[in-house]
Structures are given as C-alpha cells and as structure tokens.
Amino acid sequence: QVQLVESGGGLVQAGGSLRLSCAASGRTFSSYAMGWFRQAPGKGRAFVAGISRSGGNTLYADSVKGRFTISRDNNKNTVYLQMNSLEPEDTAVYFCAADRTTDDPPAWVRTVAAVYDYWGQGTQVTVSS
C-alpha cells in the first residue's frame with residue numbers, strides 16, 4: 001500500500017511559478033514510476049508528466065513541454081513538479097499517482113491514468129490572468 005500526499009498548490013498570476021510536491025509513504029517508492037495528472041472543471045483527468053522509477057526517463061504532455069519539469073528524490077520518497085510560465089489554462093486540480101513497474105523495463109513511464117495503482121487527494125492550482 002502506498003499513500004500519496006500532494007502539496008504546493010495555490011493561486012498564482014499568469015507567468016508565475018509553483019512547485020508541487022508529492023510525498024509517498026512506504027519503503028518501496030523506487031518500485032513505482034510516478035505521474036502527475038490534472039483535472040479541470042468539467043473535464044477528464046489528463047496526463048501532465050511522468051518519471052520512471054529510477055528517474056532516468058521523463059515524459060510530458062505537449063501542452064506543458066518546456067514549462068514544467070518533473071523530478072524525484074527516492075531518498076526522500078518524493079516527486080516534484082516545477083511549473084513555470086503558468087497560464088490560465090493550467091488551472092486544475094493536480095494529482096500525483098504511482099504505477100508499479102517492477103515487471104517492466106526501468107525506463108517505463110505510462111500516460112494512461114487507468115493503469116496507475118495509487119493516487120493522492122489532489123491539490124488545487126489556480127492561475128489568474
């Protein structure tokens with residue numbers, strides 16, 4: 001069982017930055033690829049960024065490439081999402097999720113929400129214009 005707790009959301013003006021953190025419980029954090037997803041009002045949950053269990057591979061949605069950076073610290077059981085040049089369209093609830101990938105190649109990162117095993121409760125990000 002893995003419990004995930006996000007933090008770092010808030011209200012920011014367009015062009016500003018935020019850093020989200022997701023702290024994981026348990027001693028098997030390095031067994032999981034991690035992903036960030038977001039859900040805007042009236043929309044489905046969308047992939048934002050993902051990182052392999054070793055941190056050696058990352059994937060980004062086209063809409064955030066060049067603005068967002070995902071990273072992880074396996075010693076601290078934490079994954080981060082640095083968000084720069086924020087736009088009003090980035091407004092959403094942001095969720096982190098864990099995908100157990102020990103049966104897959106180390107660089108495995110998946111973008112489909114349904115395959116992720118554990119989810120945090122979400123943190124609100126609001127970008128004002």
# chains A, B, ... in the order shown; residues from 1 in each chain; ligands from 1

$ select_by_dssp --residues "chain A" --states "strand (DSSP E or B)" --output "PyMOL selection string"
chain A and resi 4-7+10-13+18-24+32-39+45-51+58-60+68-73+78-83+92-100+118-119+123-128

$ closest_atom_pairs --of "stretch 31-94 of chain A" --to "stretch 106-115 of chain A" --cutoff "12 Å" --atoms "only C-alpha atoms" --output "CSV"
residue,atom,partner,partner_atom,distance
A:Ser31,CA,A:Pro106,CA,9.3
A:Tyr32,CA,A:Val109,CA,9.5
A:Ala33,CA,A:Val109,CA,6.2
A:Met34,CA,A:Val109,CA,7.8
A:Gly35,CA,A:Thr111,CA,7.7
A:Trp36,CA,A:Thr111,CA,9.3
A:Phe37,CA,A:Ala113,CA,7.8
A:Arg38,CA,A:Ala113,CA,10.3
A:Gln39,CA,A:Ala113,CA,11.4
A:Gly44,CA,A:Ala113,CA,10.2
A:Arg45,CA,A:Ala113,CA,7.4
A:Ala46,CA,A:Ala113,CA,7.6
A:Phe47,CA,A:Thr111,CA,5.8
A:Val48,CA,A:Thr111,CA,8.3
A:Ala49,CA,A:Thr111,CA,7.9
A:Gly50,CA,A:Val109,CA,6.1
A:Ile51,CA,A:Val109,CA,6.1
A:Ser52,CA,A:Ala107,CA,5.2
A:Arg53,CA,A:Pro106,CA,6.6
A:Ser54,CA,A:Pro106,CA,6.8
A:Gly55,CA,A:Ala107,CA,8.0
A:Gly56,CA,A:Ala107,CA,6.5
A:Asn57,CA,A:Ala107,CA,5.4
A:Thr58,CA,A:Val109,CA,7.2
A:Leu59,CA,A:Val109,CA,7.2
A:Tyr60,CA,A:Thr111,CA,8.9
A:Ala61,CA,A:Thr111,CA,8.8

$ write_last_selection --atoms "C-alpha atoms" --output "short mmCIF file (atom, residue, chain, number, x, y, z; two decimals), in the first residue's frame"
data_model
loop_
_atom_site.label_atom_id
_atom_site.label_comp_id
_atom_site.auth_asym_id
_atom_site.auth_seq_id
_atom_site.Cartn_x
_atom_site.Cartn_y
_atom_site.Cartn_z
CA SER A 31 9.44 0.43 -7.38
CA TYR A 32 6.99 2.92 -8.84
CA ALA A 33 7.00 5.17 -11.83
CA MET A 34 5.29 8.40 -10.83
CA GLY A 35 2.93 10.61 -12.74
CA TRP A 36 1.24 13.97 -12.41
CA PHE A 37 -2.26 14.36 -13.80
CA ARG A 38 -4.67 17.25 -13.74
CA GLN A 39 -8.41 17.68 -13.92
CA GLY A 44 -11.47 14.35 -17.55
CA ARG A 45 -8.21 13.59 -15.82
CA ALA A 46 -5.31 14.34 -18.16
CA PHE A 47 -1.67 13.26 -18.10
CA VAL A 48 0.76 16.08 -17.38
CA ALA A 49 4.16 14.48 -16.73
CA GLY A 50 5.68 11.16 -15.72
CA ILE A 51 9.01 9.88 -14.47
CA SER A 52 10.43 6.37 -14.43
CA ARG A 53 11.17 4.63 -11.16
CA SER A 54 14.88 5.44 -11.36
CA GLY A 55 14.28 8.98 -12.59
CA GLY A 56 16.17 8.37 -15.80
CA ASN A 57 13.22 8.85 -18.14
CA THR A 58 10.57 11.54 -18.23
CA LEU A 59 7.52 12.23 -20.39
CA TYR A 60 5.46 15.39 -20.77
CA ALA A 61 2.17 16.37 -22.30
#

$ residues_around --residues "A:Asp117" --least-positions-apart "6" --cutoff "10 Å" --atoms "only C-alpha atoms" --output "list in words"
Gln1, Val2, Tyr32, Ala97, Ala98, Asp99 and Arg100 of chain A

$ write_last_selection --atoms "N, CA and C atoms" --output "JSON list (two decimals), in the first residue's frame"
[["chain", "number", "residue", "atom", "x", "y", "z"],
["A", 1, "GLN", "N", 0.85, -1.19, 0.00],
["A", 1, "GLN", "CA", 0.00, 0.00, 0.00],
["A", 1, "GLN", "C", 0.89, 1.24, 0.00],
["A", 2, "VAL", "N", 0.55, 2.20, -0.82],
["A", 2, "VAL", "CA", 1.28, 3.46, -0.89],
["A", 2, "VAL", "C", 0.29, 4.59, -0.68],
["A", 32, "TYR", "N", 8.10, 2.29, -8.13],
["A", 32, "TYR", "CA", 6.99, 2.92, -8.84],
["A", 32, "TYR", "C", 7.46, 4.01, -9.77],
["A", 97, "ALA", "N", 0.33, 10.25, -8.87],
["A", 97, "ALA", "CA", -0.08, 8.85, -8.93],
["A", 97, "ALA", "C", 1.15, 7.96, -9.05],
["A", 98, "ALA", "N", 1.01, 6.73, -8.55],
["A", 98, "ALA", "CA", 2.11, 5.77, -8.55],
["A", 98, "ALA", "C", 1.74, 4.55, -9.38],
["A", 99, "ASP", "N", 2.65, 4.13, -10.22],
["A", 99, "ASP", "CA", 2.45, 3.00, -11.13],
["A", 99, "ASP", "C", 3.57, 1.98, -10.87],
["A", 100, "ARG", "N", 3.21, 0.84, -10.32],
["A", 100, "ARG", "CA", 4.23, -0.17, -10.03],
["A", 100, "ARG", "C", 4.75, -0.77, -11.34]]

$ atom_distance --atom1 "atom CA of A:Gln82" --atom2 "atom CA of A:Asp103"
28.7 Å

$ atom_distance --atom1 "atom CA of A:Ala23" --atom2 "atom CA of A:Pro41"
25.0 Å

$ select_by_dssp --residues "chain A" --states "helix (DSSP H, G or I)" --output "PyMOL selection string"
chain A and resi 29-31+88-90+113-115

$ residues_around --residues "A:Tyr80" --least-positions-apart "5" --cutoff "9 Å" --atoms "only C-alpha atoms" --output "number ranges by chain"
A: 19-23, 36, 69-73

$ write_last_selection --atoms "N, CA, C and O atoms" --output "short mmCIF file (atom, residue, chain, number, x, y, z; two decimals), in the first residue's frame"
data_model
loop_
_atom_site.label_atom_id
_atom_site.label_comp_id
_atom_site.auth_asym_id
_atom_site.auth_seq_id
_atom_site.Cartn_x
_atom_site.Cartn_y
_atom_site.Cartn_z
N ARG A 19 5.71 25.09 -7.35
CA ARG A 19 6.36 23.79 -7.25
C ARG A 19 5.48 22.87 -6.43
O ARG A 19 5.24 23.12 -5.25
N LEU A 20 4.99 21.83 -7.07
CA LEU A 20 4.19 20.83 -6.37
C LEU A 20 5.09 19.72 -5.85
O LEU A 20 6.07 19.36 -6.49
N SER A 21 4.73 19.20 -4.70
CA SER A 21 5.43 18.06 -4.11
C SER A 21 4.43 16.95 -3.85
O SER A 21 3.26 17.21 -3.57
N CYS A 22 4.91 15.73 -3.90
CA CYS A 22 4.07 14.58 -3.58
C CYS A 22 4.91 13.63 -2.74
O CYS A 22 5.89 13.05 -3.23
N ALA A 23 4.54 13.51 -1.48
CA ALA A 23 5.26 12.65 -0.55
C ALA A 23 4.59 11.29 -0.47
O ALA A 23 3.36 11.20 -0.32
N TRP A 36 2.11 12.84 -12.79
CA TRP A 36 1.24 13.97 -12.41
C TRP A 36 0.14 14.05 -13.45
O TRP A 36 0.39 14.02 -14.66
N THR A 69 8.68 20.74 -15.22
CA THR A 69 9.74 19.75 -15.04
C THR A 69 9.37 18.82 -13.89
O THR A 69 9.07 19.28 -12.79
N ILE A 70 9.40 17.53 -14.18
CA ILE A 70 9.14 16.53 -13.14
C ILE A 70 10.48 15.97 -12.66
O ILE A 70 11.41 15.79 -13.46
N SER A 71 10.57 15.73 -11.38
CA SER A 71 11.77 15.14 -10.80
C SER A 71 11.37 14.31 -9.59
O SER A 71 10.25 14.41 -9.10
N ARG A 72 12.31 13.50 -9.11
CA ARG A 72 12.02 12.69 -7.93
C ARG A 72 13.28 12.53 -7.10
O ARG A 72 14.40 12.59 -7.61
N ASP A 73 13.07 12.35 -5.81
CA ASP A 73 14.15 12.06 -4.88
C ASP A 73 13.77 10.77 -4.16
O ASP A 73 12.92 10.79 -3.26
#
